[in-house]
file structure.csv (CSV, C-alpha atoms)
chain,number,residue,atom,x,y,z
A,1,MET,CA,0.0,0.0,0.0
A,2,SER,CA,1.5,3.4,-1.0
A,3,ASN,CA,2.2,6.1,1.6
A,4,TRP,CA,-0.4,8.4,0.0
A,5,VAL,CA,-3.1,5.8,0.4
A,6,LYS,CA,-2.0,5.2,4.0
A,7,THR,CA,-2.1,9.0,4.6
A,8,ILE,CA,-5.7,9.3,3.2
A,9,LEU,CA,-6.9,6.3,5.3
A,10,PHE,CA,-5.3,7.7,8.4
A,11,LEU,CA,-6.9,11.1,7.8
A,12,ILE,CA,-10.3,9.5,7.4
A,13,GLY,CA,-9.8,7.2,10.4
A,14,SER,CA,-8.6,10.0,12.6
A,15,ALA,CA,-11.6,12.2,11.6
A,16,VAL,CA,-14.0,9.3,12.5
A,17,LEU,CA,-12.3,8.4,15.8
A,18,THR,CA,-11.8,11.9,17.1
A,19,HIS,CA,-15.5,12.7,16.4
A,20,TRP,CA,-16.4,9.9,18.8
A,21,ILE,CA,-14.4,11.5,21.5
A,22,PRO,CA,-15.5,14.8,23.1
A,23,SER,CA,-12.7,16.8,21.4
A,24,SER,CA,-14.3,20.1,20.4
A,25,PHE,CA,-12.3,22.0,23.0
A,26,PHE,CA,-9.0,20.7,21.8
A,27,ARG,CA,-9.6,21.5,18.2
A,28,ASN,CA,-8.9,25.1,19.0
A,29,LEU,CA,-5.2,24.1,19.3
A,30,ASP,CA,-4.8,24.0,15.6
A,31,THR,CA,-6.5,27.4,15.3
A,32,MET,CA,-4.2,28.8,17.9
A,33,VAL,CA,-1.1,27.5,16.0
A,34,HIS,CA,-2.5,28.9,12.7
A,35,GLU,CA,-3.0,32.4,14.2
A,36,PHE,CA,0.4,32.2,16.0
A,37,GLY,CA,2.0,31.5,12.6
A,38,HIS,CA,0.4,34.7,11.2
A,39,ALA,CA,1.6,36.7,14.2
A,40,VAL,CA,5.2,35.5,14.1
A,41,ALA,CA,5.4,36.1,10.4
A,42,THR,CA,4.1,39.6,10.9
A,43,LEU,CA,6.6,40.4,13.6
A,44,ALA,CA,9.5,38.8,11.5
A,45,LEU,CA,8.6,41.3,8.7
A,46,SER,CA,8.6,44.3,11.0
A,47,GLY,CA,4.8,44.5,11.2
A,48,LYS,CA,2.7,45.0,14.3
A,49,VAL,CA,0.3,42.5,15.8
A,50,MET,CA,-2.5,44.2,17.6
A,51,TYR,CA,-4.3,41.1,18.9
A,52,ILE,CA,-5.6,37.6,18.1
A,53,GLU,CA,-9.1,36.4,18.7
A,54,LEU,CA,-10.1,32.7,19.0
A,55,TYR,CA,-13.7,31.6,18.7
A,56,ARG,CA,-15.9,28.7,19.9
A,57,ASP,CA,-16.5,27.5,16.3
A,58,HIS,CA,-12.7,26.8,16.0
A,59,SER,CA,-12.1,29.9,13.8
A,60,GLY,CA,-9.8,32.7,14.6
A,61,VAL,CA,-8.4,36.0,13.3
A,62,THR,CA,-5.2,38.0,13.7
A,63,TYR,CA,-5.4,41.8,13.6
A,64,SER,CA,-2.2,43.3,12.4
A,65,SER,CA,-0.7,46.1,10.4
A,66,MET,CA,2.3,45.9,8.1
A,67,THR,CA,4.6,48.7,6.7
A,68,LYS,CA,5.6,46.6,3.7
A,69,SER,CA,2.7,45.9,1.3
A,70,TRP,CA,4.3,42.7,-0.1
A,71,ALA,CA,4.4,41.3,3.4
A,72,VAL,CA,0.7,40.3,2.9
A,73,ILE,CA,1.9,37.3,0.9
A,74,PRO,CA,4.2,35.6,3.5
A,75,VAL,CA,2.0,36.5,6.4
A,76,SER,CA,-1.1,35.1,4.6
A,77,LEU,CA,0.9,31.9,3.7
A,78,ALA,CA,2.2,31.5,7.3
A,79,GLY,CA,-1.1,30.4,8.9
A,80,TYR,CA,-2.0,27.2,7.2
A,81,MET,CA,1.7,26.3,6.5
A,82,THR,CA,2.6,26.7,10.2
A,83,ALA,CA,-0.3,24.5,11.2
A,84,SER,CA,0.7,21.8,8.7
A,85,LEU,CA,4.3,21.9,9.8
A,86,PHE,CA,3.3,21.8,13.5
A,87,ALA,CA,1.3,18.6,12.9
A,88,TRP,CA,4.3,17.0,11.2
A,89,PHE,CA,6.5,18.1,14.2
A,90,LEU,CA,4.2,16.4,16.7
A,91,PHE,CA,4.4,13.1,14.9
A,92,SER,CA,8.1,13.4,14.4
A,93,ALA,CA,8.5,14.0,18.1
A,94,TYR,CA,6.4,10.9,18.8
A,95,ALA,CA,8.5,8.8,16.4
A,96,LYS,CA,11.6,9.8,18.5
A,97,GLY,CA,9.9,9.1,21.8
A,98,LYS,CA,9.9,12.8,22.7
A,99,GLN,CA,6.2,13.3,23.6
A,100,ARG,CA,7.2,15.4,26.6
A,101,LEU,CA,9.0,17.8,24.3
A,102,GLY,CA,6.0,18.0,22.1
A,103,LEU,CA,3.7,18.8,25.1
A,104,GLN,CA,6.3,21.4,26.3
A,105,VAL,CA,6.3,23.1,22.9
A,106,MET,CA,2.5,23.2,22.9
A,107,THR,CA,2.5,24.7,26.4
A,108,ALA,CA,5.1,27.3,25.4
A,109,VAL,CA,3.3,28.4,22.2
A,110,SER,CA,0.0,28.6,24.2
A,111,ALA,CA,1.7,30.7,26.9
A,112,LEU,CA,3.3,33.1,24.4
A,113,SER,CA,-0.1,33.5,22.6
A,114,LEU,CA,-1.8,34.2,25.9
A,115,VAL,CA,0.7,36.7,27.1
A,116,LEU,CA,1.4,38.5,23.8
A,117,PHE,CA,-1.5,38.2,21.5
A,118,VAL,CA,-4.9,36.7,22.6
A,119,ARG,CA,-7.3,39.1,24.2
A,120,ASN,CA,-10.9,38.0,23.7
A,121,SER,CA,-12.6,36.1,26.6
A,122,PHE,CA,-13.1,32.7,24.9
A,123,GLY,CA,-9.5,32.7,23.6
A,124,VAL,CA,-8.1,33.5,27.1
A,125,THR,CA,-10.3,30.9,28.7
A,126,PHE,CA,-9.3,28.3,26.2
A,127,LEU,CA,-5.6,29.0,26.6
A,128,LEU,CA,-5.7,29.0,30.4
A,129,GLY,CA,-7.6,25.7,30.4
A,130,PHE,CA,-5.3,24.1,27.8
A,131,ILE,CA,-2.1,25.2,29.6
A,132,LEU,CA,-3.4,23.9,32.9
A,133,MET,CA,-4.5,20.5,31.4
A,134,THR,CA,-1.2,20.1,29.6
A,135,VAL,CA,0.9,21.0,32.6
A,136,LEU,CA,-1.0,18.5,34.7
A,137,ALA,CA,-0.5,15.8,32.0
A,138,LEU,CA,3.2,16.5,32.1
A,139,ALA,CA,3.5,16.6,35.9
A,140,LEU,CA,1.0,14.0,37.2
A,141,ALA,CA,-0.4,11.8,34.5
A,142,PRO,CA,0.9,8.2,34.1
A,143,LYS,CA,2.8,7.5,30.9
A,144,TRP,CA,-0.1,5.7,29.2
A,145,LEU,CA,-2.5,8.6,29.8
A,146,ARG,CA,0.0,11.2,28.8
A,147,ASP,CA,0.7,9.3,25.6
A,148,PHE,CA,-3.0,9.1,24.9
A,149,TYR,CA,-3.5,12.8,25.5
A,150,TYR,CA,-0.5,13.5,23.2
A,151,LEU,CA,-1.8,11.4,20.4
A,152,LEU,CA,-5.3,12.8,20.7
A,153,LEU,CA,-3.8,16.3,20.2
A,154,ALA,CA,-1.5,15.2,17.4
A,155,PHE,CA,-4.3,13.5,15.4
A,156,LEU,CA,-6.6,16.4,15.9
A,157,CYS,CA,-3.9,18.8,14.6
A,158,LEU,CA,-3.2,16.5,11.7
A,159,GLU,CA,-6.9,16.3,10.8
A,160,GLU,CA,-7.6,20.0,11.2
A,161,SER,CA,-4.4,21.0,9.3
A,162,VAL,CA,-5.7,19.1,6.2
A,163,PHE,CA,-9.4,19.6,6.4
A,164,GLY,CA,-9.0,23.3,7.2
A,165,PRO,CA,-7.4,24.3,3.9
A,166,GLY,CA,-9.5,21.7,2.1
A,167,SER,CA,-12.6,23.6,3.1
A,168,LEU,CA,-11.1,26.7,1.6
A,169,ILE,CA,-11.5,25.0,-1.8
A,170,VAL,CA,-15.2,24.7,-1.2
A,171,TYR,CA,-15.5,28.3,0.0
A,172,ALA,CA,-13.5,29.6,-3.0
A,173,MET,CA,-15.8,27.8,-5.4
A,174,GLN,CA,-18.9,29.2,-3.7
A,175,ASN,CA,-17.6,32.7,-3.1
A,176,SER,CA,-14.0,33.7,-3.9
A,177,ARG,CA,-14.2,36.5,-1.3
A,178,SER,CA,-15.0,34.2,1.6
A,179,ALA,CA,-11.9,31.9,1.4
A,180,GLY,CA,-9.9,33.6,4.2
A,181,ASP,CA,-6.2,33.6,3.6
A,182,ALA,CA,-6.7,32.4,0.0
A,183,SER,CA,-8.9,35.4,-0.7
A,184,ASN,CA,-6.3,37.8,0.8
A,185,LEU,CA,-3.6,36.3,-1.5
A,186,ALA,CA,-6.0,36.5,-4.5
A,187,ASN,CA,-6.6,40.2,-3.8
A,188,TYR,CA,-2.9,41.0,-3.7
A,189,THR,CA,-1.6,38.7,-6.4
A,190,GLY,CA,-4.5,38.4,-8.9
A,191,ILE,CA,-4.1,34.6,-8.7
A,192,PRO,CA,-7.6,33.1,-8.0
A,193,ALA,CA,-8.4,32.1,-4.5
A,194,ILE,CA,-9.1,28.5,-5.5
A,195,VAL,CA,-5.5,28.2,-6.7
A,196,TRP,CA,-4.2,29.3,-3.4
A,197,ALA,CA,-6.6,27.1,-1.5
A,198,THR,CA,-5.5,24.1,-3.6
A,199,LEU,CA,-1.8,24.9,-2.9
A,200,PHE,CA,-2.5,25.1,0.8
A,201,THR,CA,-4.2,21.7,0.7
A,202,LEU,CA,-1.5,20.1,-1.3
A,203,PHE,CA,1.1,21.3,1.2
A,204,ALA,CA,-1.0,20.1,4.1
A,205,LEU,CA,-1.3,16.6,2.4
A,206,TRP,CA,2.5,16.5,1.9
A,207,CYS,CA,3.1,17.3,5.6
A,208,ALA,CA,0.5,14.8,6.6
A,209,LYS,CA,2.3,12.1,4.5
A,210,GLN,CA,5.5,12.9,6.4
A,211,ALA,CA,3.6,12.7,9.7
A,212,VAL,CA,2.0,9.4,9.0
A,213,SER,CA,5.3,7.9,7.7
A,214,ALA,CA,6.9,9.0,11.0
A,215,PHE,CA,4.0,7.5,13.0
A,216,LEU,CA,4.1,4.2,11.1
A,217,GLY,CA,7.9,4.0,11.4
A,218,ARG,CA,7.6,4.4,15.2
A,219,THR,CA,4.9,1.7,15.3
A,220,LYS,CA,7.0,-0.8,13.3
A,221,LYS,CA,10.1,-0.1,15.4
A,222,ALA,CA,8.1,-0.7,18.6
A,223,ARG,CA,6.7,-4.0,17.2
A,224,ARG,CA,10.2,-5.2,16.3
A,225,THR,CA,11.5,-4.3,19.8
A,226,ASN,CA,8.7,-6.1,21.5
A,227,ARG,CA,9.1,-9.3,19.4
A,228,PRO,CA,10.6,-12.1,21.5
A,229,ALA,CA,14.2,-13.1,20.6
A,230,ALA,CA,14.6,-16.4,18.8
A,231,MET,CA,15.9,-19.2,21.0
A,232,GLY,CA,19.3,-20.6,19.9
A,233,SER,CA,20.4,-24.2,20.1
A,234,TYR,CA,23.9,-25.1,21.0
A,235,ARG,CA,25.9,-28.3,20.8
A,236,GLU,CA,28.6,-29.3,23.2

call {"tool": "encode", "arguments": {"input": "structure.csv", "output": "structure tokens"}}
result
Amino acid sequence: MSNWVKTILFLIGSAVLTHWIPSSFFRNLDTMVHEFGHAVATLALSGKVMYIELYRDHSGVTYSSMTKSWAVIPVSLAGYMTASLFAWFLFSAYAKGKQRLGLQVMTAVSALSLVLFVRNSFGVTFLLGFILMTVLALALAPKWLRDFYYLLLAFLCLEESVFGPGSLIVYAMQNSRSAGDASNLANYTGIPAIVWATLFTLFALWCAKQAVSAFLGRTKKARRTNRPAAMGSYRE
């Protein structure tokens, strides 16, 4: 079975499984990472981030101003690309047995977002709750529960990082002005929003493929490690 087929099956499977688990609260993690990517890109290009808002429906918005007009392009690209790369990072960390590092990075990004950017009430409440739960998982949870928590977050980020830009294609087909970052890029470059939405989706799928490959590699390695050693026979 090709890695692309495995990736698609994993995405479908994770979408089904995570919808069986009360996971709506945690889906805001991908939104937070997306908006954090916009904010970091803005600051890197000498812009100013006024604030970020996160909403209950898993959407978000970054309010910023930029002195360089061309900066609209990298800043608009940064959101979905950061979310896709972050999902890949989480699975790469898992493949190396560094789940604690992954949770620490999630906590650090959440804390920076809370202190520097997020100002609306739901966003602040989400970040405080998420930081508290993640710190408790790091400090008190047994390894099996911490690993379950980590994989839940990783699969949610993977799913959201692909289905998010995928939904932009639908929005761009219905109304090119309602496709979020793809619309911003279309307005500045003249390239249709559906083209940008498709590029976001292809990049997300490529990152998902790398993430699934890392996950399957870890699983195969663990299976080989747990396999009992063959008994040898010796003659005197």

call {"tool": "atom_distance", "arguments": {"input": "structure.csv", "atom1": "atom CA of Thr198 of chain A", "atom2": "atom CA of Ile73 of chain A"}}
result
15.8 Å

call {"tool": "residues_around", "arguments": {"input": "structure.csv", "residues": "segment 84-96 of chain A", "least_positions_apart": "4", "cutoff": "7 Å", "atoms": "all atoms listed in the file", "output": "PyMOL selection string"}}
result
chain A and resi 80+102+154+157-158+161+204+207-208+210-211+214-215+217-218

call {"tool": "write_last_selection", "arguments": {"input": "structure.csv", "atoms": "C-alpha atoms", "output": "PDB file, keeping the file's coordinate frame"}}
result
ATOM      1  CA  TYR A  80      -2.000  27.200   7.200  1.00  0.00           C
ATOM      2  CA  GLY A 102       6.000  18.000  22.100  1.00  0.00           C
ATOM      3  CA  ALA A 154      -1.500  15.200  17.400  1.00  0.00           C
ATOM      4  CA  CYS A 157      -3.900  18.800  14.600  1.00  0.00           C
ATOM      5  CA  LEU A 158      -3.200  16.500  11.700  1.00  0.00           C
ATOM      6  CA  SER A 161      -4.400  21.000   9.300  1.00  0.00           C
ATOM      7  CA  ALA A 204      -1.000  20.100   4.100  1.00  0.00           C
ATOM      8  CA  CYS A 207       3.100  17.300   5.600  1.00  0.00           C
ATOM      9  CA  ALA A 208       0.500  14.800   6.600  1.00  0.00           C
ATOM     10  CA  GLN A 210       5.500  12.900   6.400  1.00  0.00           C
ATOM     11  CA  ALA A 211       3.600  12.700   9.700  1.00  0.00           C
ATOM     12  CA  ALA A 214       6.900   9.000  11.000  1.00  0.00           C
ATOM     13  CA  PHE A 215       4.000   7.500  13.000  1.00  0.00           C
ATOM     14  CA  GLY A 217       7.900   4.000  11.400  1.00  0.00           C
ATOM     15  CA  ARG A 218       7.600   4.400  15.200  1.00  0.00           C
TER      16      ARG A 218
END

call {"tool": "residues_near_point", "arguments": {"input": "structure.csv", "point": "(5.7, 42.8, 1.9)", "cutoff": "12 Å", "atoms": "all atoms listed in the file", "output": "PyMOL selection string"}}
result
chain A and resi 41-47+65-76+185+188-189

call {"tool": "closest_residue", "arguments": {"input": "structure.csv", "among": "A:Lys6, A:Lys48, A:Arg100, A:Arg56", "to": "Ser24 of chain A", "atoms": "only C-alpha atoms"}}
result
A:Arg56

call {"tool": "atom_distance", "arguments": {"input": "structure.csv", "atom1": "atom CA of Ile8 of chain A", "atom2": "atom CA of Lys209 of chain A"}}
result
8.6 Å

call {"tool": "closest_atom_pairs", "arguments": {"input": "structure.csv", "of": "segment 44-65 of chain A", "to": "segment 125-140 of chain A", "cutoff": "12 Å", "atoms": "all atoms listed in the file", "output": "JSON lines"}}
result
{"residue": "A:Glu53", "atom": "CA", "partner": "A:Phe126", "partner_atom": "CA", "distance": 11.0}
{"residue": "A:Leu54", "atom": "CA", "partner": "A:Phe126", "partner_atom": "CA", "distance": 8.5}
{"residue": "A:Tyr55", "atom": "CA", "partner": "A:Phe126", "partner_atom": "CA", "distance": 9.3}
{"residue": "A:Arg56", "atom": "CA", "partner": "A:Phe126", "partner_atom": "CA", "distance": 9.1}
{"residue": "A:His58", "atom": "CA", "partner": "A:Phe126", "partner_atom": "CA", "distance": 10.9}

call {"tool": "atom_distance", "arguments": {"input": "structure.csv", "atom1": "atom CA of Ile12 of chain A", "atom2": "atom CA of Leu202 of chain A"}}
result
16.3 Å

call {"tool": "closest_residue", "arguments": {"input": "structure.csv", "among": "A:Leu114, A:Ala179, A:Ala78, A:Leu152", "to": "Tyr51 of chain A", "atoms": "all atoms listed in the file"}}
result
A:Leu114

call {"tool": "closest_residue", "arguments": {"input": "structure.csv", "among": "A:Met32, A:Phe10, A:Val170, A:Ser176", "to": "Leu112 of chain A", "atoms": "all atoms listed in the file"}}
result
A:Met32

call {"tool": "residues_near_point", "arguments": {"input": "structure.csv", "point": "(1.7, 29.2, 9.9)", "cutoff": "6 Å", "atoms": "all atoms listed in the file", "output": "VMD selection string"}}
result
chain A and resid 34 37 to 38 78 to 83

call {"tool": "closest_residue", "arguments": {"input": "structure.csv", "among": "A:Phe155, A:Trp144, A:Trp196, A:Phe117", "to": "Leu168 of chain A", "atoms": "only C-alpha atoms"}}
result
A:Trp196

call {"tool": "residues_around", "arguments": {"input": "structure.csv", "residues": "Phe36 of chain A", "least_positions_apart": "3", "cutoff": "8 Å", "atoms": "all atoms listed in the file", "output": "list in words"}}
result
Met32, Val33, Ala39, Val40, Gly79, Val109 and Ser113 of chain A

call {"tool": "write_last_selection", "arguments": {"input": "structure.csv", "atoms": "C-alpha atoms", "output": "short mmCIF file (atom, residue, chain, number, x, y, z; two decimals), keeping the file's coordinate frame"}}
result
data_model
loop_
_atom_site.label_atom_id
_atom_site.label_comp_id
_atom_site.auth_asym_id
_atom_site.auth_seq_id
_atom_site.Cartn_x
_atom_site.Cartn_y
_atom_site.Cartn_z
CA MET A 32 -4.20 28.80 17.90
CA VAL A 33 -1.10 27.50 16.00
CA ALA A 39 1.60 36.70 14.20
CA VAL A 40 5.20 35.50 14.10
CA GLY A 79 -1.10 30.40 8.90
CA VAL A 109 3.30 28.40 22.20
CA SER A 113 -0.10 33.50 22.60
#

call {"tool": "closest_residue", "arguments": {"input": "structure.csv", "among": "A:Leu151, A:Val162, A:Leu11, A:Val118", "to": "Asp30 of chain A", "atoms": "only C-alpha atoms"}}
result
A:Val162

call {"tool": "closest_residue", "arguments": {"input": "structure.csv", "among": "A:Ser110, A:Gln174, A:Gln99, A:Asn184", "to": "Tyr150 of chain A", "atoms": "only C-alpha atoms"}}
result
A:Gln99
